[in-house]
Amino acid sequence: MLEVAGLTAGYGGPNVLEDVSLDVEAGELVGLLGANNAGKSTLINCISGVLRPRAGSIRFLGEDITRAKPSDIVSRGIVQVPEGRQVFPRMSVLDNLLLGGTTAVARPRRADRLEQVFTLFPRLKERRPQYAGTLSGGEQQMLAIGRAMMGGPKLLMLDEPSLGLSPLFVQTIFRALRELNAQGLTILLVEQNLNLTLSCAVRGVVLERGQVALAGTSATLRADPRTRQAYLGL
Amino acid sequence: MTELLIQTVVQGLLVGGGYALVALSLGLTYNVSGIINFAHGDFLTLAMYLALALQTAWALDPYVSTVITFPLLFVSGVALYWFLLRPVARSQLLMVIQLTLGVTFVLQNGILMVFGGQPVRVPSDWEASLLILGDSLFLRTPQVLAFAGSLLLALLLWIVLDHTETGRRIRAVHQNPRAAALMGIDVPRVRTLTFGVGIGIQAIAGALLIPGTPIEPGQGFRYTVIPLMALVMGGLSDFRGIYLAAILIGVTEALGTVFVSGTSGMIVPYALFVLVLLLRPQGLFRRA
């Protein structure tokens, strides 16, 4: 479904990503692991089109999207839940959700999807008229995921959804992700939380200093001591 | 005395309505792009001179010629944002400000070259028309129209920004451009078109402010500074606050001119501005 090949990228300075390749098959939940600054966010920002890669290619559903505009990529079905949630603080929960489905392809199905999101996160339904900025961190994360679901993604990419959340909310969020994946949604999950990610991902890719250090099924990664070493930067 | 007071306050309200027109469009361009366009007032001048040219060439009333000047100003706003501001939008603030100041000089001197430096009046059928309320309140019809226009524009902005999909997108781009892009909103496009509309509104403002007012090429800065004051006093992204601040500036200016001796009366709105900055730096009506 998603094929990333030989991707190299950076922000003005040296390369943050170097020659990274990664495949995601339809229906999979793939964990993208690694310590801080390993290049995980850089990779998914390239996929989302908000950062131009220096070299390499990204293909989605057989088509090249390496130089596509972010809005075009969302319309094609890749939606990102950014790190730090990035909700629109001075807009209602409902407005935030509606914005998630603002593309021409998503708009006709907004009403249905809104119901689906409210079924997934009933809390959001209660908070509908409230400003998103007044929600707790966990609620904002639900909103960010719900907002992304409004775009009708074929591939959902999440950047550190557990960051800064209480254990209870982390559970809620991951239960929702498992549920979405069970319904057939393909998910690329960027996480620092190793055990949690490997517990729900089929496969994992470990990045270390901008390169793929390890890749394999969750079971092999869990057993491999190098996985932990990559985290500690050894 | 009371009569004079009432007449002055009403006059100030009407002038304030004119400022509000320009301040609202400045607010629109600022909020969507994050750039204070110091050439904003010069686009008003440009709109007025275009109206003058159309009046001279085809005897079009300035009110009528907005159907021509609005698209022209819209296109120049789009071009300004797309070709000049967008490429430098990420550079240092001072560079962007210098660029818009540069546009000011180009526009002012361009107008000077074409039309000369003498103040001119654009004749209008409405120029001398008066509305008389009661037996002592005289209102100039064009000013009443300008005030009504400003209210209408405020209403229209409110409807579009708060109750349409386009407005929701504009607000999203204002609040978090990165997240907006990740939602599939074409951020550069929204910014460019909204900026164009903001400049385009200057055509309407120009037509409403023109009757009875002499125009000259160097007037633009005044129409940037006063709306900018309204923008800051109102709280930058609070359109209701910007509107009321513009009205307040108009009223204090009128009161100052009539009741404070000589030119020092012109200081009054600026004193008010300093006071607001000291006491309510977050804006007149905004919660801190």
# chains A, B, ... in the order shown; residues from 1 in each chain; ligands from 1

$ interface_residues --of "chain B" --to "chain A" --cutoff "12 Å" --atoms "only C-alpha atoms" --output "ChimeraX atom specification"
/B:161-190,237-238

$ residues_around --residues "Pro167 (chain A)" --least-positions-apart "6" --cutoff "12 Å" --atoms "only C-alpha atoms" --output "PyMOL selection string"
chain A and resi 137-138+161+173-174+193+196

$ write_last_selection --atoms "N, CA and C atoms" --output "PDB file, in the first residue's frame"
ATOM      1  N   GLY A 137      -5.606  16.827  27.938  1.00  0.00           N
ATOM      2  CA  GLY A 137      -4.691  16.280  26.937  1.00  0.00           C
ATOM      3  C   GLY A 137      -5.236  15.014  26.290  1.00  0.00           C
ATOM      4  N   GLY A 138      -5.797  14.134  27.108  1.00  0.00           N
ATOM      5  CA  GLY A 138      -6.333  12.880  26.573  1.00  0.00           C
ATOM      6  C   GLY A 138      -7.506  13.122  25.644  1.00  0.00           C
ATOM      7  N   PRO A 161       1.093   9.271  19.861  1.00  0.00           N
ATOM      8  CA  PRO A 161      -0.209   9.567  20.472  1.00  0.00           C
ATOM      9  C   PRO A 161      -0.227   9.393  21.998  1.00  0.00           C
ATOM     10  N   ILE A 173      -6.840   5.275  24.137  1.00  0.00           N
ATOM     11  CA  ILE A 173      -6.374   5.589  22.781  1.00  0.00           C
ATOM     12  C   ILE A 173      -5.940   4.311  22.064  1.00  0.00           C
ATOM     13  N   PHE A 174      -5.171   3.482  22.734  1.00  0.00           N
ATOM     14  CA  PHE A 174      -4.674   2.273  22.064  1.00  0.00           C
ATOM     15  C   PHE A 174      -5.793   1.267  21.806  1.00  0.00           C
ATOM     16  N   ASN A 193       7.018   4.562  23.029  1.00  0.00           N
ATOM     17  CA  ASN A 193       6.635   3.528  23.979  1.00  0.00           C
ATOM     18  C   ASN A 193       6.722   2.154  23.318  1.00  0.00           C
ATOM     19  N   LEU A 196       4.259  -1.019  24.477  1.00  0.00           N
ATOM     20  CA  LEU A 196       2.880  -0.754  24.101  1.00  0.00           C
ATOM     21  C   LEU A 196       2.705  -0.913  22.591  1.00  0.00           C
TER      22      LEU A 196
END

$ residues_around --residues "region 8-18 of chain A" --least-positions-apart "6" --cutoff "10 Å" --atoms "only C-alpha atoms" --output "ChimeraX atom specification"
/A:37-40,42-43,46,51-57,207-212

$ residues_around --residues "Tyr19 (chain B)" --least-positions-apart "5" --cutoff "12 Å" --atoms "only C-alpha atoms" --output "PyMOL selection string"
chain B and resi 12-14+24-27+41+44+143+146-147+149-151+202+205-206+208-209+222-231+242-251+253

$ write_last_selection --atoms "C-alpha atoms" --output "mmCIF file, in the first residue's frame"
data_model
loop_
_atom_site.group_PDB
_atom_site.id
_atom_site.type_symbol
_atom_site.label_atom_id
_atom_site.label_comp_id
_atom_site.auth_asym_id
_atom_site.auth_seq_id
_atom_site.Cartn_x
_atom_site.Cartn_y
_atom_site.Cartn_z
ATOM 1 C CA GLY B 12 -17.010 60.859 14.674
ATOM 2 C CA LEU B 13 -19.120 57.720 14.396
ATOM 3 C CA LEU B 14 -19.374 58.177 10.653
ATOM 4 C CA LEU B 24 -11.463 45.102 9.031
ATOM 5 C CA SER B 25 -9.794 44.354 5.726
ATOM 6 C CA LEU B 26 -6.385 44.924 7.314
ATOM 7 C CA GLY B 27 -7.431 42.503 10.066
ATOM 8 C CA GLY B 41 -3.554 52.108 3.017
ATOM 9 C CA LEU B 44 -6.911 52.338 -0.740
ATOM 10 C CA GLN B 143 -20.668 59.310 5.100
ATOM 11 C CA ALA B 146 -19.888 54.538 4.280
ATOM 12 C CA PHE B 147 -20.980 53.837 7.841
ATOM 13 C CA GLY B 149 -21.202 49.866 4.348
ATOM 14 C CA SER B 150 -18.869 49.239 7.264
ATOM 15 C CA LEU B 151 -21.671 47.635 9.283
ATOM 16 C CA GLN B 202 -10.164 48.433 -0.300
ATOM 17 C CA ALA B 205 -13.789 51.241 1.039
ATOM 18 C CA GLY B 206 -12.292 53.613 -1.521
ATOM 19 C CA LEU B 208 -17.390 54.736 0.027
ATOM 20 C CA LEU B 209 -14.794 57.195 1.341
ATOM 21 C CA ARG B 222 -2.546 57.581 7.382
ATOM 22 C CA TYR B 223 -4.935 54.868 6.181
ATOM 23 C CA THR B 224 -2.487 52.242 7.364
ATOM 24 C CA VAL B 225 -1.601 53.736 10.734
ATOM 25 C CA ILE B 226 -5.104 54.473 12.004
ATOM 26 C CA PRO B 227 -6.520 51.052 11.040
ATOM 27 C CA LEU B 228 -3.407 49.465 12.514
ATOM 28 C CA MET B 229 -4.161 51.246 15.781
ATOM 29 C CA ALA B 230 -7.693 49.891 15.625
ATOM 30 C CA LEU B 231 -6.326 46.425 14.942
ATOM 31 C CA ILE B 242 -11.348 45.970 15.773
ATOM 32 C CA TYR B 243 -14.641 47.441 14.592
ATOM 33 C CA LEU B 244 -15.434 49.125 17.880
ATOM 34 C CA ALA B 245 -11.864 50.390 18.248
ATOM 35 C CA ALA B 246 -12.073 52.007 14.801
ATOM 36 C CA ILE B 247 -15.327 53.713 15.773
ATOM 37 C CA LEU B 248 -13.781 54.855 19.038
ATOM 38 C CA ILE B 249 -10.823 56.366 17.191
ATOM 39 C CA GLY B 250 -13.213 58.216 14.880
ATOM 40 C CA VAL B 251 -15.202 59.624 17.793
ATOM 41 C CA GLU B 253 -10.625 62.258 16.798
#

$ select_by_dssp --residues "region 168-241 of chain B" --states "helix (DSSP H, G or I)" --output "ChimeraX atom specification"
/B:168-175,177-182,187-209,217-234,239-241

$ residues_around --residues "Thr56 (chain B)" --least-positions-apart "2" --cutoff "12 Å" --atoms "only C-alpha atoms" --output "ChimeraX atom specification"
/B:49-54,58-62,65,115,120-124

$ atom_distance --atom1 "CA of Ala132 (chain A)" --atom2 "CA of Leu277 (chain B)"
28.9 Å

$ decode --residues "region 263-284 of chain B" --atoms "N, CA and C atoms" --output "short mmCIF file (atom, residue, chain, number, x, y, z; two decimals), in the first residue's frame"
data_model
loop_
_atom_site.label_atom_id
_atom_site.label_comp_id
_atom_site.auth_asym_id
_atom_site.auth_seq_id
_atom_site.Cartn_x
_atom_site.Cartn_y
_atom_site.Cartn_z
N THR B 263 -4.33 72.14 16.55
CA THR B 263 -3.98 70.82 16.02
C THR B 263 -3.76 69.80 17.12
N SER B 264 -3.56 70.24 18.35
CA SER B 264 -3.30 69.28 19.42
C SER B 264 -4.49 68.35 19.64
N GLY B 265 -5.64 68.70 19.11
CA GLY B 265 -6.80 67.82 19.20
C GLY B 265 -6.58 66.50 18.51
N MET B 266 -5.73 66.53 17.48
CA MET B 266 -5.44 65.30 16.75
C MET B 266 -4.71 64.27 17.61
N ILE B 267 -4.16 64.74 18.74
CA ILE B 267 -3.42 63.83 19.62
C ILE B 267 -4.36 62.89 20.36
N VAL B 268 -5.60 63.34 20.55
CA VAL B 268 -6.51 62.60 21.43
C VAL B 268 -6.63 61.10 21.10
N PRO B 269 -6.87 60.73 19.83
CA PRO B 269 -6.97 59.28 19.58
C PRO B 269 -5.69 58.52 19.89
N TYR B 270 -4.54 59.19 19.68
CA TYR B 270 -3.27 58.52 19.96
C TYR B 270 -3.09 58.34 21.47
N ALA B 271 -3.54 59.35 22.23
CA ALA B 271 -3.47 59.23 23.68
C ALA B 271 -4.34 58.06 24.14
N LEU B 272 -5.50 57.93 23.52
CA LEU B 272 -6.39 56.81 23.83
C LEU B 272 -5.69 55.49 23.53
N PHE B 273 -4.98 55.47 22.41
CA PHE B 273 -4.26 54.26 22.00
C PHE B 273 -3.22 53.85 23.05
N VAL B 274 -2.45 54.84 23.50
CA VAL B 274 -1.43 54.57 24.51
C VAL B 274 -2.09 54.05 25.78
N LEU B 275 -3.22 54.68 26.15
CA LEU B 275 -3.94 54.28 27.35
C LEU B 275 -4.41 52.83 27.26
N VAL B 276 -4.95 52.48 26.10
CA VAL B 276 -5.43 51.10 25.91
C VAL B 276 -4.26 50.12 25.99
N LEU B 277 -3.14 50.49 25.38
CA LEU B 277 -1.97 49.61 25.42
C LEU B 277 -1.48 49.41 26.84
N LEU B 278 -1.59 50.48 27.64
CA LEU B 278 -1.13 50.37 29.02
C LEU B 278 -2.08 49.54 29.87
N LEU B 279 -3.38 49.76 29.67
CA LEU B 279 -4.35 49.15 30.58
C LEU B 279 -4.91 47.83 30.07
N ARG B 280 -5.10 47.71 28.77
CA ARG B 280 -5.65 46.47 28.23
C ARG B 280 -4.85 45.99 27.02
N PRO B 281 -3.59 45.59 27.27
CA PRO B 281 -2.72 45.23 26.14
C PRO B 281 -3.25 44.05 25.33
N GLN B 282 -4.14 43.26 25.90
CA GLN B 282 -4.65 42.10 25.14
C GLN B 282 -5.75 42.50 24.16
N GLY B 283 -6.15 43.79 24.20
CA GLY B 283 -7.23 44.25 23.32
C GLY B 283 -8.41 44.68 24.17
N LEU B 284 -9.22 45.57 23.59
CA LEU B 284 -10.29 46.19 24.36
C LEU B 284 -11.26 45.18 24.98
#
